[in-house]
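All remarks here apply to the structure that follows.
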Amino acid sequence: MVILREYGKERMIKVFITGASGFLGGHLAKLSAEKYSTVGAYHSYKFDILKVKSVYCDLSKPELLKNLFDSNKPKLIIHNAAYPNPDKCEKNPDLAFEINTGSTGAIAKWAERNNCRLVFISTDMVFNGRQGNYSEEDPVGPLSIYAKTKVEAEKLVLHECKNAVVCRIALMYGRGVLPRQYSSEWLERVLKEKYNSEIEEPILLFTDQYRSMISVNNAARAVMEVAFTDYCGIIHLGGAERISRYEFGKKLCGALGLPESLIRETKYDDAAVNTPRPKDVSLNISRASSFLKTKLLNVDEGLKEICQ
Ligand SMILES: NC(=O)c1ccc[n+]([C@@H]2O[C@H](COP(=O)([O-])OP(=O)(O)OC[C@H]3O[C@@H](n4cnc5c(N)ncnc54)[C@H](OP(=O)(O)O)[C@@H]3O)[C@@H](O)[C@H]2O)c1
């Protein structure tokens with residue numbers, strides 16, 4: 001098993017991050033480049049992050065990935081890129097499986113053949129949400145196409161590559177590092193728009209849908225730390241509390257100094273939704289907390305770090 005602990009020789013370790021132009025990927029690339037030689041891949045948004053070599057990549061053409069890796073020779077791949085919008089996945093299931101699952105199998109095979117460690121970014125949505133507080137041992141039960149593509153990808157990673165870790169990340173909040181509109185920033189963006197335009201209609205947020213929400217900064221730090229341990233298998237990375245979207249909205253308003261009247265509570269059970277979403281996919285994070293130095297923060301701590 002390759003253990004990436006070459007103290008003093010960090011610059012010589014080549015890290016390859018897919019989806020470095022994305023919300024989590026940008027933070028991962030920025031952190032990685034502080035210590036390691038870092039290549040970041042984009043698809044539609046060519047980015048510029050200090051000390052990160054940016055390369056084009058198309059996950060729908062897994063045959064091209066081999067050339068990309070052969071020429072860059074990474075010792076660690078963080079496969080973070082995805083087709084992550086559940087509604088779009090539901091409408092385009094073939095493309096979703098191609099990008100989220102097919103490419104992951106190809107990456108896992110390359111990593112195994114080339115003695116490369118692989119970190120795969122998965123999601124809390126692999127669970128059906130009927131139980132909550134899910135541990136790494138709990139059975140998966142994907143409800144949507146997006147979740148199914150991730151479950152199949154996880155299986156490929158663990159089957160094809162011995163030196164691999166699957167990081168199941170909870171719903172993320174916070175701010176991306178690049179000057180682009182990330183979909184995960186929508187709530188802060190819409191709150192500010194409503195406040196500034198004095199639009200009366202409040203934002204409806206579910207009181208009966210629970211996640212272990214984690215700030216993107218915190219998630220990136222935890223992923224980078226896990227990557228450089230010898231931990232293999234599945235690990236849950238979420239924030240330190242189970243919270244509904246509505247309660248999160250209240251805390252976000254508080255952190256931004258905005259009135260809570262901008263949001264109003266509603267129930268998932270009463271909503272007409274096109275894509276099935278699990279109700280409680282809160283994650284049990286005791287395994288990660290038992291060995292990571294990175295503290296997994298609750299929402300107040302996470303928001304304080306972002307908004308200060
Ligand atoms: N956001 C969350 O709350 C959350 C929660 C749990 C797990 N996750 C997982 O975390 C990872 C990152 O999510 P995110 O929210 O940061 O997503 P994001 O901001 O939408 O970024 C997605 C990244 O994937 C790249 N990408 C998309 N299609 C591609 C293709 N065909 N070929 C190559 N690259 C492609 C995008 O590149 P361009 O932008 O350059 O096109 C972008 O860099 C994903 O694996 C997601 O499933 C996210």
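Residue numbers start at 1 in each chain; chains themselves are named A, B, ... in the order of the structure tokens; ligands are numbered from 1 in the order shown.
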**Study point:** All residues having an atom within 6 Å of ligand 1 (only C-alpha atoms and all ligand atoms) as number ranges by chain
**Key:** A: 19-25, 42-45, 57-60, 80-84, 99, 121-123, 169-172, 182, 184
Point to revise | Long-range neighbours of Asn114 in chain A as a ChimeraX atom specification, 12 Å cut-off, only C-alpha atoms, 5 positions minimum in chain | key: /A:1-2,66,69-70,72-77,107-109,161-163
Review point. Can you tell me, as a list in words, what residues are no more than 10 Å from range 186-194 of chain A when counting only C-alpha atoms, ignoring any on the same chain fewer than 3 positions away?
Key: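 Final neighbour list, sorted by chain and number: Tyr173, Gly174, Arg175, Gln181, Tyr182, Ser183, Ser197, Glu198, Ile199, Glu200, Glu201, Pro202, Ile203, Leu205, Gly249, Leu252, Cys253, Leu256, Leu258, Pro259, Glu260, Leu262 and Ile263 of chain A.
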Review point. Asn217 in chain A: which residues within 9 Å, counting only C-alpha atoms, same-chain residues fewer than 3 positions away excluded, as a PyMOL selection string?
Key: chain A and resi 24+27-28+173-176+214+220-222+302+305-306
Check your understanding: Of the candidates A:Asp138, A:Asp300, A:Glu63, A:Glu265, which shows the shortest atom-to-atom distance to Met213 in chain A, using only C-alpha atoms?
Key -> A:Asp300
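Going from CA of Val52 in chain A over to CA of Val39 in chain A, you cover 5.6 Å.
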